[in-house]
Each structure stands twice: as structure tokens, then as C-alpha cells.
Amino acid sequence: MAERQQWEYSTTVFNSDDKQSDIDGVLDEAGPKGWELVSVANMSEKVIFVFKRPSGWG
């Protein structure tokens with residue numbers, strides 16, 4: 001039986017007044033580090049990005 005994939009998670013919080021270029025920069029940096037955006041939560045004045053990648057990546 002194959003082992004189950006283990007994941008690690010990371011969150012990044014943005015304020016509603018953050019610049020689009022700041023958000024794009026975070027996304028551009030996350031991919032090469034193995035992070036995949038899996039969820040976005042809009043919480044009034046904040047937006048939370050949730051990322052995951054395989055545990056022990058890199």
C-alpha cells in the first residue's frame with residue numbers, strides 16, 4: 001500500500017488596500033518554492049491566501 005502524501009501549509013494575509021503588484025509578487029515567489037495556492041478567503045477587510053506543498057519539499 002502506498003504511503004499517504006503529507007502536506008505543509010502556509011497562509012498569507014493581505015489587507016484590502018494592498019497593491020495588486022504586492023499580491024502578484026507573493027504569488028510569483030510561491031510557485032518556484034513549491035507552494036500551490038489552494039484557497040482564498042475574503043474576510044471583510046482582509047484576504048487570506050492558503051498555500052500547500054509536499055512535506056519536506058526542497
# chains A, B, ... in the order shown; residues from 1 in each chain; ligands from 1

$ select_by_dssp --residues "chain A" --states "alpha helix (DSSP H)" --output "JSON, numbers by chain"
{"A": [20, 21, 22, 23, 24, 25, 26, 27, 28, 29, 30]}

$ write_last_selection --atoms "C-alpha atoms" --output "short mmCIF file (atom, residue, chain, number, x, y, z; two decimals), in the first residue's frame"
data_model
loop_
_atom_site.label_atom_id
_atom_site.label_comp_id
_atom_site.auth_asym_id
_atom_site.auth_seq_id
_atom_site.Cartn_x
_atom_site.Cartn_y
_atom_site.Cartn_z
CA GLN A 20 -2.07 44.25 -6.84
CA SER A 21 1.66 44.22 -7.56
CA ASP A 22 2.34 43.16 -3.94
CA ILE A 23 -0.09 40.27 -4.28
CA ASP A 24 1.34 39.26 -7.65
CA GLY A 25 4.84 39.31 -6.15
CA VAL A 26 3.85 36.86 -3.41
CA LEU A 27 2.25 34.53 -5.95
CA ASP A 28 5.25 34.75 -8.30
CA GLU A 29 7.62 33.83 -5.45
CA ALA A 30 5.49 30.99 -4.07
#

$ residues_around --residues "region 38-53 of chain A" --least-positions-apart "2" --cutoff "8 Å" --atoms "only C-alpha atoms" --output "mmCIF file with all heavy atoms, in the first residue's frame"
data_model
loop_
_atom_site.group_PDB
_atom_site.id
_atom_site.type_symbol
_atom_site.label_atom_id
_atom_site.label_comp_id
_atom_site.auth_asym_id
_atom_site.auth_seq_id
_atom_site.Cartn_x
_atom_site.Cartn_y
_atom_site.Cartn_z
ATOM 1 N N TRP A 7 1.451 16.956 3.739
ATOM 2 C CA TRP A 7 1.477 18.318 3.246
ATOM 3 C C TRP A 7 1.897 19.285 4.339
ATOM 4 O O TRP A 7 1.676 19.041 5.511
ATOM 5 C CB TRP A 7 0.094 18.737 2.741
ATOM 6 C CG TRP A 7 -0.438 17.884 1.652
ATOM 7 C CD1 TRP A 7 -1.337 16.865 1.780
ATOM 8 C CD2 TRP A 7 -0.096 17.942 0.271
ATOM 9 N NE1 TRP A 7 -1.584 16.299 0.546
ATOM 10 C CE2 TRP A 7 -0.836 16.943 -0.396
ATOM 11 C CE3 TRP A 7 0.745 18.746 -0.482
ATOM 12 C CZ2 TRP A 7 -0.757 16.731 -1.763
ATOM 13 C CZ3 TRP A 7 0.817 18.535 -1.847
ATOM 14 C CH2 TRP A 7 0.084 17.539 -2.470
ATOM 15 N N GLU A 8 2.487 20.386 3.927
ATOM 16 C CA GLU A 8 2.686 21.507 4.835
ATOM 17 C C GLU A 8 1.917 22.681 4.251
ATOM 18 O O GLU A 8 1.693 22.749 3.039
ATOM 19 C CB GLU A 8 4.164 21.841 5.034
ATOM 20 C CG GLU A 8 4.942 22.192 3.803
ATOM 21 C CD GLU A 8 6.406 22.470 4.120
ATOM 22 O OE1 GLU A 8 6.687 23.349 4.951
ATOM 23 O OE2 GLU A 8 7.257 21.795 3.521
ATOM 24 N N TYR A 9 1.472 23.561 5.125
ATOM 25 C CA TYR A 9 0.605 24.659 4.717
ATOM 26 C C TYR A 9 1.199 25.992 5.142
ATOM 27 O O TYR A 9 1.949 26.068 6.118
ATOM 28 C CB TYR A 9 -0.787 24.496 5.348
ATOM 29 C CG TYR A 9 -1.486 23.262 4.864
ATOM 30 C CD1 TYR A 9 -1.318 22.040 5.509
ATOM 31 C CD2 TYR A 9 -2.290 23.297 3.729
ATOM 32 C CE1 TYR A 9 -1.944 20.894 5.049
ATOM 33 C CE2 TYR A 9 -2.920 22.154 3.260
ATOM 34 C CZ TYR A 9 -2.748 20.957 3.929
ATOM 35 O OH TYR A 9 -3.362 19.829 3.468
ATOM 36 N N SER A 10 0.825 27.024 4.404
ATOM 37 C CA SER A 10 1.265 28.378 4.710
ATOM 38 C C SER A 10 0.118 29.323 4.381
ATOM 39 O O SER A 10 -0.651 29.074 3.445
ATOM 40 C CB SER A 10 2.501 28.730 3.876
ATOM 41 O OG SER A 10 2.892 30.066 4.112
ATOM 42 N N THR A 11 -0.008 30.394 5.143
ATOM 43 C CA THR A 11 -1.016 31.406 4.856
ATOM 44 C C THR A 11 -0.354 32.765 4.696
ATOM 45 O O THR A 11 0.678 33.039 5.313
ATOM 46 C CB THR A 11 -2.081 31.494 5.967
ATOM 47 O OG1 THR A 11 -1.440 31.785 7.203
ATOM 48 C CG2 THR A 11 -2.862 30.211 6.079
ATOM 49 N N THR A 12 -0.944 33.577 3.855
ATOM 50 C CA THR A 12 -0.519 34.958 3.668
ATOM 51 C C THR A 12 -1.768 35.817 3.741
ATOM 52 O O THR A 12 -2.776 35.505 3.099
ATOM 53 C CB THR A 12 0.176 35.156 2.311
ATOM 54 O OG1 THR A 12 1.313 34.291 2.254
ATOM 55 C CG2 THR A 12 0.638 36.581 2.133
ATOM 56 N N VAL A 13 -1.707 36.882 4.541
ATOM 57 C CA VAL A 13 -2.853 37.763 4.720
ATOM 58 C C VAL A 13 -2.580 39.098 4.038
ATOM 59 O O VAL A 13 -1.517 39.694 4.220
ATOM 60 C CB VAL A 13 -3.144 37.990 6.226
ATOM 61 C CG1 VAL A 13 -4.325 38.928 6.405
ATOM 62 C CG2 VAL A 13 -3.389 36.663 6.926
ATOM 63 N N PHE A 14 -3.542 39.535 3.256
ATOM 64 C CA PHE A 14 -3.472 40.836 2.600
ATOM 65 C C PHE A 14 -4.599 41.715 3.114
ATOM 66 O O PHE A 14 -5.690 41.211 3.401
ATOM 67 C CB PHE A 14 -3.613 40.691 1.079
ATOM 68 C CG PHE A 14 -2.464 39.979 0.437
ATOM 69 C CD1 PHE A 14 -2.565 38.638 0.114
ATOM 70 C CD2 PHE A 14 -1.289 40.642 0.158
ATOM 71 C CE1 PHE A 14 -1.511 37.974 -0.476
ATOM 72 C CE2 PHE A 14 -0.223 39.988 -0.430
ATOM 73 C CZ PHE A 14 -0.340 38.654 -0.751
ATOM 74 N N ASN A 15 -4.335 43.004 3.216
ATOM 75 C CA ASN A 15 -5.364 43.974 3.537
ATOM 76 C C ASN A 15 -6.039 44.406 2.246
ATOM 77 O O ASN A 15 -5.447 44.328 1.167
ATOM 78 C CB ASN A 15 -4.768 45.189 4.251
ATOM 79 C CG ASN A 15 -4.208 44.816 5.601
ATOM 80 O OD1 ASN A 15 -4.866 44.168 6.389
ATOM 81 N ND2 ASN A 15 -2.977 45.199 5.851
ATOM 82 N N SER A 16 -7.249 44.889 2.337
ATOM 83 C CA SER A 16 -7.996 45.278 1.142
ATOM 84 C C SER A 16 -7.328 46.422 0.381
ATOM 85 O O SER A 16 -7.573 46.594 -0.807
ATOM 86 C CB SER A 16 -9.425 45.670 1.517
ATOM 87 O OG SER A 16 -9.419 46.764 2.412
ATOM 88 N N GLY A 34 7.675 25.750 -4.517
ATOM 89 C CA GLY A 34 6.864 24.547 -4.372
ATOM 90 C C GLY A 34 5.473 24.766 -3.823
ATOM 91 O O GLY A 34 4.708 23.820 -3.660
ATOM 92 N N TRP A 35 5.103 26.015 -3.538
ATOM 93 C CA TRP A 35 3.794 26.301 -2.960
ATOM 94 C C TRP A 35 2.723 26.384 -4.039
ATOM 95 O O TRP A 35 2.925 26.967 -5.089
ATOM 96 C CB TRP A 35 3.817 27.620 -2.180
ATOM 97 C CG TRP A 35 4.671 27.561 -0.961
ATOM 98 C CD1 TRP A 35 5.890 28.144 -0.796
ATOM 99 C CD2 TRP A 35 4.396 26.872 0.253
ATOM 100 N NE1 TRP A 35 6.388 27.865 0.456
ATOM 101 C CE2 TRP A 35 5.482 27.082 1.122
ATOM 102 C CE3 TRP A 35 3.336 26.097 0.704
ATOM 103 C CZ2 TRP A 35 5.540 26.552 2.410
ATOM 104 C CZ3 TRP A 35 3.397 25.570 1.991
ATOM 105 C CH2 TRP A 35 4.492 25.801 2.822
ATOM 106 N N GLU A 36 1.579 25.796 -3.756
ATOM 107 C CA GLU A 36 0.419 25.834 -4.638
ATOM 108 C C GLU A 36 -0.713 26.541 -3.897
ATOM 109 O O GLU A 36 -1.034 26.191 -2.753
ATOM 110 C CB GLU A 36 -0.003 24.406 -4.976
ATOM 111 C CG GLU A 36 -1.255 24.306 -5.789
ATOM 112 C CD GLU A 36 -1.690 22.862 -6.021
ATOM 113 O OE1 GLU A 36 -0.969 21.930 -5.617
ATOM 114 O OE2 GLU A 36 -2.764 22.693 -6.600
ATOM 115 N N SER A 55 5.246 17.888 2.039
ATOM 116 C CA SER A 55 6.100 17.991 3.213
ATOM 117 C C SER A 55 7.520 17.579 2.849
ATOM 118 O O SER A 55 7.743 16.597 2.143
ATOM 119 C CB SER A 55 5.570 17.088 4.320
ATOM 120 O OG SER A 55 6.319 17.247 5.491
ATOM 121 N N TRP A 57 9.522 19.305 0.964
ATOM 122 C CA TRP A 57 9.850 19.763 -0.394
ATOM 123 C C TRP A 57 11.132 20.581 -0.362
ATOM 124 O O TRP A 57 11.317 21.429 0.494
ATOM 125 C CB TRP A 57 8.713 20.593 -0.960
ATOM 126 C CG TRP A 57 8.862 20.927 -2.412
ATOM 127 C CD1 TRP A 57 8.391 20.174 -3.444
ATOM 128 C CD2 TRP A 57 9.508 22.035 -2.999
ATOM 129 N NE1 TRP A 57 8.707 20.758 -4.634
ATOM 130 C CE2 TRP A 57 9.397 21.921 -4.405
ATOM 131 C CE3 TRP A 57 10.179 23.141 -2.505
ATOM 132 C CZ2 TRP A 57 9.924 22.835 -5.285
ATOM 133 C CZ3 TRP A 57 10.703 24.054 -3.380
ATOM 134 C CH2 TRP A 57 10.570 23.905 -4.758
#

$ closest_residue --among "A:Lys19, A:Leu37, A:Gln5, A:Pro32" --to "Pro54 (chain A)" --atoms "only C-alpha atoms"
A:Gln5

$ select_by_dssp --residues "chain A" --states "strand (DSSP E or B)" --output "ChimeraX atom specification"
/A:7-15,36-43,46-54
